[in-house]
Each structure stands twice: as C-alpha cells, then as structure tokens.
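Have a look at protein-v6.cif below; it lists mmCIF, C-alpha atoms and all ligand atoms.
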data_upload
loop_
_atom_site.label_atom_id
_atom_site.label_comp_id
_atom_site.auth_asym_id
_atom_site.auth_seq_id
_atom_site.Cartn_x
_atom_site.Cartn_y
_atom_site.Cartn_z
CA MET K 261 0.00 0.00 0.00
CA THR K 262 1.05 3.63 -0.50
CA VAL K 263 0.14 6.83 1.34
CA GLU K 264 -1.34 9.77 -0.57
CA GLU K 265 -2.51 13.24 0.38
CA ASP K 266 -5.78 14.64 -0.89
CA SER K 267 -6.32 18.24 -2.09
CA ARG K 268 -6.75 19.42 1.53
CA GLY K 269 -3.57 17.71 2.71
CA ARG K 270 -5.34 14.83 4.45
CA ARG K 271 -3.45 11.54 4.34
CA LYS K 272 -5.18 8.40 3.21
CA TRP K 273 -4.17 4.83 2.42
CA LYS K 274 -4.23 3.78 -1.21
CA PRO K 275 -4.27 0.10 -1.96
CA PRO K 276 -1.84 -1.19 -4.63
CA ALA K 277 -3.02 -0.91 -8.22
CA GLN K 278 -4.88 -4.04 -9.33
CA LYS K 279 -6.11 -5.46 -12.59
CA PRO K 280 -9.71 -5.98 -11.52
CA GLU K 281 -10.60 -8.54 -14.20
CA GLN K 282 -7.52 -10.61 -13.36
CA ASN K 283 -8.33 -10.72 -9.66
CA ALA K 284 -11.98 -11.44 -10.28
CA SER K 285 -11.23 -14.31 -12.59
CA SER K 286 -8.54 -15.86 -10.41
CA ARG K 287 -10.91 -15.65 -7.44
CA SER K 288 -13.61 -17.37 -9.45
CA THR K 289 -11.14 -20.06 -10.65
CA VAL K 290 -10.28 -20.90 -7.07
CA LYS K 291 -13.96 -20.98 -6.24
CA LYS K 292 -14.72 -23.24 -9.23
CA GLU K 293 -11.91 -25.64 -8.24
CA LYS K 294 -13.37 -25.92 -4.76
CA VAL K 295 -16.83 -26.56 -6.14
CA ARG K 296 -15.49 -29.14 -8.59
CA LYS K 297 -13.73 -31.05 -5.83
CA LYS K 298 -16.74 -30.91 -3.59
CA THR K 299 -19.27 -31.87 -6.26
CA LEU K 300 -17.38 -34.78 -7.89
CA SER K 301 -20.04 -37.45 -7.59
CA LYS K 302 -19.37 -40.85 -6.09
CA SER K 303 -19.63 -42.50 -9.52
CA SER K 304 -17.19 -39.96 -11.06
CA ARG K 305 -14.73 -40.56 -8.25
CA GLU K 306 -15.07 -44.32 -8.78
CA TRP K 307 -14.47 -43.80 -12.52
CA VAL K 308 -11.27 -41.84 -11.86
CA ASP K 309 -10.03 -44.50 -9.40
CA ARG K 310 -10.81 -47.28 -11.86
CA GLN K 311 -8.97 -45.48 -14.68
CA LEU K 312 -5.90 -45.11 -12.47
CA ARG K 313 -5.91 -48.83 -11.56
CA ASP K 314 -6.79 -50.18 -15.02
CA PRO K 315 -3.84 -51.92 -16.76
CA TYR K 316 -5.48 -51.48 -20.20
CA VAL K 317 -5.57 -47.71 -19.71
CA ARG K 318 -1.84 -47.76 -19.03
CA ARG K 319 -1.13 -50.08 -21.95
CA ALA K 320 -3.18 -47.90 -24.29
CA GLN K 321 -1.32 -44.78 -23.17
CA GLU K 322 2.06 -46.46 -23.63
CA ALA K 323 1.15 -47.82 -27.06
CA GLY K 324 -0.24 -44.46 -28.21
CA TYR K 325 -3.85 -45.59 -28.57
CA ARG K 326 -6.47 -42.94 -28.05
CA ALA K 327 -8.70 -45.27 -26.03
CA ARG K 328 -8.43 -48.52 -24.09
CA ALA K 329 -11.31 -49.64 -26.34
CA ALA K 330 -8.61 -50.35 -28.95
CA TYR K 331 -7.85 -53.59 -27.09
CA LYS K 332 -11.44 -54.82 -27.41
CA LEU K 333 -11.19 -54.67 -31.20
CA LYS K 334 -7.71 -56.20 -31.15
CA GLU K 335 -8.97 -59.11 -29.04
CA ILE K 336 -12.04 -59.58 -31.24
CA ASP K 337 -9.71 -59.71 -34.23
CA GLU K 338 -7.35 -62.21 -32.58
CA LYS K 339 -10.31 -64.54 -32.05
CA PHE K 340 -12.42 -63.97 -35.18
CA HIS K 341 -9.90 -62.62 -37.76
CA ILE K 342 -12.10 -59.80 -38.95
CA LEU K 343 -9.44 -57.26 -39.98
CA LYS K 344 -7.97 -57.70 -43.45
CA ARG K 345 -5.48 -55.78 -45.53
CA GLY K 346 -7.18 -53.75 -48.25
CA ALA K 347 -10.52 -53.70 -46.38
CA ARG K 348 -13.09 -50.94 -46.75
CA VAL K 349 -14.29 -50.13 -43.27
CA VAL K 350 -17.06 -47.99 -41.74
CA ASP K 351 -16.66 -47.40 -38.00
CA LEU K 352 -19.80 -46.08 -36.28
CA GLY K 353 -19.26 -44.28 -32.97
CA SER K 354 -15.52 -43.76 -33.44
CA ALA K 355 -14.50 -41.09 -30.90
CA PRO K 356 -11.84 -40.69 -29.72
CA GLY K 357 -10.49 -43.04 -32.42
CA GLY K 358 -8.96 -46.16 -30.83
CA TRP K 359 -10.74 -48.55 -33.22
CA LEU K 360 -9.83 -46.35 -36.18
CA GLN K 361 -6.16 -46.68 -35.21
CA VAL K 362 -6.40 -50.48 -34.97
CA VAL K 363 -8.17 -50.72 -38.35
CA ALA K 364 -5.56 -48.46 -39.96
CA GLU K 365 -2.70 -50.53 -38.47
CA ALA K 366 -4.25 -53.67 -39.94
CA GLY K 367 -3.83 -52.21 -43.43
CA ALA K 368 -7.37 -51.19 -44.37
CA ALA K 369 -7.49 -49.46 -47.75
CA LYS K 370 -10.36 -47.09 -46.99
CA ILE K 371 -11.72 -46.02 -43.59
CA VAL K 372 -14.68 -43.82 -42.74
CA GLY K 373 -15.63 -42.97 -39.15
CA ILE K 374 -18.51 -41.07 -37.59
CA ASP K 375 -19.26 -39.78 -34.11
CA LEU K 376 -21.38 -37.17 -32.39
CA LEU K 377 -18.15 -35.99 -30.77
CA PRO K 378 -15.16 -34.43 -32.51
CA ILE K 379 -12.29 -36.76 -33.42
CA ASP K 380 -8.73 -35.57 -33.97
CA SER K 381 -7.82 -36.05 -37.61
CA MET K 382 -5.99 -39.20 -38.73
CA ALA K 383 -4.06 -39.77 -41.92
CA ASP K 384 -6.15 -41.49 -44.60
CA VAL K 385 -9.31 -41.64 -42.47
CA ILE K 386 -12.44 -39.70 -43.40
CA ILE K 387 -14.22 -38.49 -40.30
CA PHE K 388 -17.76 -37.18 -39.87
CA GLU K 389 -18.83 -35.32 -36.74
CA ALA K 390 -22.53 -36.12 -36.88
CA ASP K 391 -25.39 -38.30 -35.68
CA ILE K 392 -25.76 -41.52 -37.64
CA ASN K 393 -29.55 -40.99 -37.46
CA GLU K 394 -29.39 -37.66 -39.30
CA PRO K 395 -31.34 -37.88 -42.56
CA GLY K 396 -29.02 -38.56 -45.50
CA MET K 397 -26.06 -39.39 -43.26
CA THR K 398 -25.69 -43.03 -44.34
CA ASP K 399 -25.57 -41.86 -48.00
CA LYS K 400 -22.79 -39.43 -47.07
CA LEU K 401 -20.80 -42.23 -45.39
CA MET K 402 -21.21 -44.42 -48.46
CA ALA K 403 -20.22 -41.61 -50.82
CA ALA K 404 -17.07 -41.01 -48.75
CA LEU K 405 -16.20 -44.71 -48.80
CA GLY K 406 -16.71 -44.87 -52.56
CA ASP K 407 -17.67 -48.54 -52.63
CA ARG K 408 -19.50 -51.07 -50.45
CA PRO K 409 -17.79 -51.73 -47.10
CA THR K 410 -16.26 -55.13 -46.43
CA LEU K 411 -16.51 -54.49 -42.67
CA VAL K 412 -18.95 -52.43 -40.60
CA LEU K 413 -18.03 -51.77 -36.98
CA SER K 414 -20.13 -50.18 -34.28
CA ASP K 415 -18.93 -49.39 -30.79
CA MET K 416 -21.75 -46.84 -30.42
CA ALA K 417 -23.09 -46.40 -26.93
CA ALA K 418 -25.76 -44.02 -25.76
CA ASN K 419 -24.86 -41.69 -22.91
CA THR K 420 -25.94 -43.68 -19.88
CA VAL K 421 -28.62 -42.17 -17.69
CA GLY K 422 -28.03 -44.65 -14.84
CA HIS K 423 -31.37 -46.42 -15.34
CA LYS K 424 -30.31 -49.91 -16.39
CA GLN K 425 -33.30 -50.71 -18.59
CA THR K 426 -33.28 -47.32 -20.36
CA ASP K 427 -29.53 -47.49 -21.02
CA HIS K 428 -29.95 -51.01 -22.34
CA VAL K 429 -32.80 -50.16 -24.72
CA ARG K 430 -30.98 -47.09 -26.09
CA THR K 431 -27.76 -48.99 -26.79
CA VAL K 432 -29.63 -51.87 -28.41
CA GLY K 433 -31.40 -49.23 -30.56
CA LEU K 434 -28.01 -47.97 -31.77
CA ALA K 435 -26.87 -51.54 -32.52
CA GLU K 436 -30.04 -52.04 -34.58
CA VAL K 437 -29.33 -48.87 -36.57
CA ALA K 438 -25.78 -50.14 -37.17
CA ALA K 439 -27.03 -53.59 -38.20
CA GLN K 440 -29.49 -52.07 -40.67
CA PHE K 441 -26.69 -49.95 -42.14
CA ALA K 442 -24.56 -53.09 -42.51
CA ILE K 443 -27.36 -55.07 -44.14
CA ASP K 444 -28.14 -52.25 -46.57
CA ASN K 445 -24.54 -51.70 -47.62
CA LEU K 446 -22.09 -54.56 -46.95
CA VAL K 447 -20.51 -56.52 -49.77
CA LYS K 448 -21.50 -60.16 -50.02
CA ASN K 449 -19.57 -62.17 -47.43
CA GLY K 450 -18.86 -58.97 -45.45
CA THR K 451 -18.57 -58.74 -41.66
CA PHE K 452 -20.43 -56.78 -38.99
CA VAL K 453 -19.28 -56.24 -35.40
CA ALA K 454 -21.28 -54.26 -32.85
CA LYS K 455 -21.42 -53.51 -29.16
CA VAL K 456 -24.64 -54.72 -27.54
CA PHE K 457 -25.76 -55.05 -23.95
CA GLN K 458 -26.27 -58.42 -22.29
CA GLY K 459 -29.71 -59.55 -21.25
CA GLY K 460 -33.11 -59.05 -22.90
CA ALA K 461 -34.31 -56.80 -25.73
CA GLN K 462 -31.92 -58.28 -28.27
CA GLY K 463 -34.32 -60.72 -29.90
CA THR K 464 -35.12 -58.57 -32.92
CA LEU K 465 -31.48 -57.76 -33.57
CA LEU K 466 -30.42 -61.39 -33.34
CA GLU K 467 -33.21 -62.49 -35.67
CA LEU K 468 -32.22 -59.83 -38.17
CA LEU K 469 -28.56 -60.89 -38.08
CA LYS K 470 -29.24 -64.62 -38.24
CA THR K 471 -31.37 -64.16 -41.34
CA ASN K 472 -28.68 -62.15 -43.08
CA PHE K 473 -25.37 -63.69 -41.97
CA ASP K 474 -24.03 -67.25 -42.06
CA ASP K 475 -22.38 -67.06 -38.65
CA VAL K 476 -23.48 -64.94 -35.66
CA ARG K 477 -21.64 -65.04 -32.32
CA HIS K 478 -21.67 -63.13 -29.06
CA TRP K 479 -18.38 -62.59 -27.29
CA LYS K 480 -17.10 -60.45 -24.45
CA PRO K 481 -13.40 -59.68 -24.90
CA PRO K 482 -11.20 -59.95 -21.79
CA SER K 483 -10.54 -56.19 -21.89
CA SER K 484 -14.27 -55.46 -21.57
CA ARG K 485 -14.78 -54.73 -17.89
CA PRO K 486 -16.52 -57.64 -16.14
CA GLU K 487 -18.93 -55.26 -14.40
CA SER K 488 -19.99 -53.72 -17.74
CA PRO K 489 -23.10 -55.21 -19.36
CA GLU K 490 -21.52 -54.73 -22.80
CA THR K 491 -20.76 -57.62 -25.06
CA PHE K 492 -20.13 -57.79 -28.80
CA VAL K 493 -21.94 -59.45 -31.64
CA ILE K 494 -19.77 -60.72 -34.46
CA ALA K 495 -21.67 -61.53 -37.66
CA ARG K 496 -19.72 -63.02 -40.55
CA GLY K 497 -20.61 -64.19 -44.04
CA PHE K 498 -23.16 -61.58 -45.12
CA ARG K 499 -25.54 -63.33 -47.51
CA GLY K 500 -26.04 -60.24 -49.70
C1 LIG K 601 -17.45 -46.32 -26.50
S1 LIG K 601 -17.37 -44.87 -27.47
C2 LIG K 601 -16.47 -45.40 -28.89
C3 LIG K 601 -15.01 -45.64 -28.64
C4 LIG K 601 -14.26 -45.92 -29.93
N1 LIG K 601 -14.60 -47.23 -30.47
C5 LIG K 601 -12.76 -45.86 -29.75
O1 LIG K 601 -12.12 -46.89 -29.87
O2 LIG K 601 -12.24 -44.78 -29.51
C6 LIG K 601 -19.01 -44.76 -28.08
C7 LIG K 601 -19.25 -43.59 -29.00
O3 LIG K 601 -20.53 -43.70 -29.64
C8 LIG K 601 -20.91 -42.39 -30.01
N2 LIG K 601 -22.32 -42.31 -30.41
C9 LIG K 601 -23.41 -42.54 -29.64
N3 LIG K 601 -24.53 -42.32 -30.33
C10 LIG K 601 -24.15 -41.95 -31.58
C11 LIG K 601 -24.88 -41.57 -32.76
N4 LIG K 601 -26.22 -41.53 -32.76
N5 LIG K 601 -24.18 -41.26 -33.88
C12 LIG K 601 -22.81 -41.27 -33.86
N6 LIG K 601 -22.08 -41.62 -32.77
C13 LIG K 601 -22.73 -41.95 -31.64
C14 LIG K 601 -20.61 -41.61 -28.73
O4 LIG K 601 -20.53 -40.22 -28.99
C15 LIG K 601 -19.30 -42.23 -28.27
O5 LIG K 601 -18.19 -41.45 -28.64
#
Before we go any further, please render this structure as structure tokens.
Ligand SMILES: C[S@@+](CC[C@H](N)C(=O)[O-])C[C@H]1O[C@@H](n2cnc3c(N)ncnc32)[C@H](O)[C@@H]1O
Amino acid sequence: MTVEEDSRGRRKWKPPAQKPEQNASSRSTVKKEKVRKKTLSKSSREWVDRQLRDPYVRRAQEAGYRARAAYKLKEIDEKFHILKRGARVVDLGSAPGGWLQVVAEAGAAKIVGIDLLPIDSMADVIIFEADINEPGMTDKLMAALGDRPTLVLSDMAANTVGHKQTDHVRTVGLAEVAAQFAIDNLVKNGTFVAKVFQGGAQGTLLELLKTNFDDVRHWKPPSSRPESPETFVIARGFRG
C-alpha cells in the first residue's frame, strides 16, 4: 500500500493498483476448483479411481492408442480374424479413435468414421462429426467410402442415464441402426461387429442378423470390464 494526500492535505491509504478482471477471474477459478472437488459425484470418483488402476488404460497410453477400447477390437480380431489388408471399413461411434487406429494398423485401404463428438484427424481416415440418425447421413458415409464396405463396426453407446433398462434399450437401438446400415450396404460375405448389452431386448437384432449372416456369435473380450453389461456381436458371411 502507499500513502497519498488529498487536495486538503489529508493523508489516506491507497491500496496497490490491481487489474480488476484478473483478480476477479482468479478468485472465481479458485472458487470453481473448490466446487469441482466438492461436487465430484461418487460415480465420477469411482471412474477416476478405476482409470488409475486399469492396466489397459496404461497399456493404451504407452502404445499411443487414443482409447483402451482399442484392445477390445484387437482381441475380437485375434479370435475372429475380422481385420484384413485392403478392407473398406465404416466405423460407427468412433470417438476418440482407438478402433480407427487399430483398423488403420491392420492395413485397411479405406476407412470412414462417424461420431457425435469431434475426433482428432488421422491420416487417410475420413471423419464425420454427426449423428448416424441424421437424414441422408448413411448416404454421405457411403459416398465417402466410394464402394460397399467389407466391414462395418459399431462401438456406439448411448450416454448412460443410470437407469439400467433405459440405457440397455438405447444402446440396443443404436446396434439395430448399425445392423441395418450393414445389411443395406455390406458386400456379399462382409462382416459386422457391434457392441450390444447383455440380457433381454436383443431378440429382434439377433433375428435380423441370423437371417442375413451365415455365422453370428456373441463374445465379451477380456478387456471389456466384467462389471460392464456390454458384449459384442460378431456376424460373418453376409448373404447379400
Ligand atoms: C465407447 S465410445 C467409442 C469408442 C471408440 N470405439 C474408440 O475406440 O475410440 C461410443 C461412442 O458412440 C458415439 N455415439 C453414440 N450415439 C451416436 C450416434 N447416434 N451417432 C454417432 N455416434 C454416436 C458416442 O458419442 C461415443 O463417442
């Protein structure tokens, strides 16, 4: 602080000069931090703890994969041999891009991905930031691919609302959209892989796949967390 005299010679204290906006914002940052710490919900805290303990998260970081989900596709491929050099691949629900990386590494010739969320660009991958249900979107994906896909992947998952049945129905709905896209577009003998949830409400999807593919399996890769209801359907030999 400094001391100043006014026009009548009275002394008064003057506080040091401040940049008001800077002080206001730093005060509010501190406040926000406190709120964030206090309001981190139990489930968010559990998620953070799980991420820190999860060996697949560490492996993915070390290997440069954008998501631990990359290992689910790698394990599916080790068991079912779905990734081929020269493949044309559509990946539905791609963000942040772990599956896209695995498909690219396997030597796919053409890759198109779509997600509601932004995805950092990748060499030789065409990315759409959009909803698969948007009118005309499937035509845009096909135009970008330039020819029928040999493989359609879907790891799409609806944002969970915490109500088991609702989450289940919404994710199965996305798998049905993906299956219909595959059936409308795959080459003969093509492959479809999608995330589904275990238990109930899958009858229609299974029927649809069994009528259209020679071989339909369900499998939960080891990297899929045991407590997660997700599993994967692997449909091979599209009848065309
Ligand atoms: C589990 S993440 C995918 C992870 C991805 N396979 C990877 O390896 O990085 C599921 C994604 O599905 C996307 N999704 C959900 N509904 C969608 C929709 N209607 N259209 C496009 N993407 C959708 C979500 O935004 C989310 O990013």
Just the residues within 8 Å of region 388-401 of chain K, please, counting only C-alpha atoms, with nothing from its chain fewer than 5 positions along; format it as a list in words.
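The residues satisfying every condition are Val350, Leu352, Val372, Gly373, Ile374, Asp375, Leu376, Leu377, Pro378, Ile379, Val437 and Phe441 of chain K.
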For the residues in that selection, give me C-alpha atoms as an mmCIF file, in the coordinates of the input.
data_model
loop_
_atom_site.group_PDB
_atom_site.id
_atom_site.type_symbol
_atom_site.label_atom_id
_atom_site.label_comp_id
_atom_site.auth_asym_id
_atom_site.auth_seq_id
_atom_site.Cartn_x
_atom_site.Cartn_y
_atom_site.Cartn_z
ATOM 1 C CA VAL K 350 -17.060 -47.990 -41.740
ATOM 2 C CA LEU K 352 -19.800 -46.080 -36.280
ATOM 3 C CA VAL K 372 -14.680 -43.820 -42.740
ATOM 4 C CA GLY K 373 -15.630 -42.970 -39.150
ATOM 5 C CA ILE K 374 -18.510 -41.070 -37.590
ATOM 6 C CA ASP K 375 -19.260 -39.780 -34.110
ATOM 7 C CA LEU K 376 -21.380 -37.170 -32.390
ATOM 8 C CA LEU K 377 -18.150 -35.990 -30.770
ATOM 9 C CA PRO K 378 -15.160 -34.430 -32.510
ATOM 10 C CA ILE K 379 -12.290 -36.760 -33.420
ATOM 11 C CA VAL K 437 -29.330 -48.870 -36.570
ATOM 12 C CA PHE K 441 -26.690 -49.950 -42.140
#
Shell around region 309-312 of chain K at 12 Å using all atoms listed in the file, local window under 6 positions removed, as a list in words:
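After dropping sequence-adjacent residues, the list is Lys302, Ser303, Arg318, Arg319, Ala320, Gln321, Ala327, Arg328, Arg485 and Glu487 of chain K.
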Which one is closest to ligand LIG 601 (chain K): K:Ala323, K:Met402, K:Val453, K:Met416? Count all atoms listed in the file.
K:Met416
Neighbouring residues of Glu490 (chain K) were defined as those with any atom within 7 Å, considering all atoms listed in the file; residues of the same chain fewer than 3 positions away were excluded. Please report them as a PyMOL selection string.
chain K and resi 455-458
Got a sec: who's within 12 Å of Ala435 (chain K), counting all atoms listed in the file, leaving out chain neighbours fewer than 5 positions off, as a ChimeraX atom specification?
/K:352-353,392-393,412-418,428-430,440-442,452-457,461-462,464-466,468-469,490-494
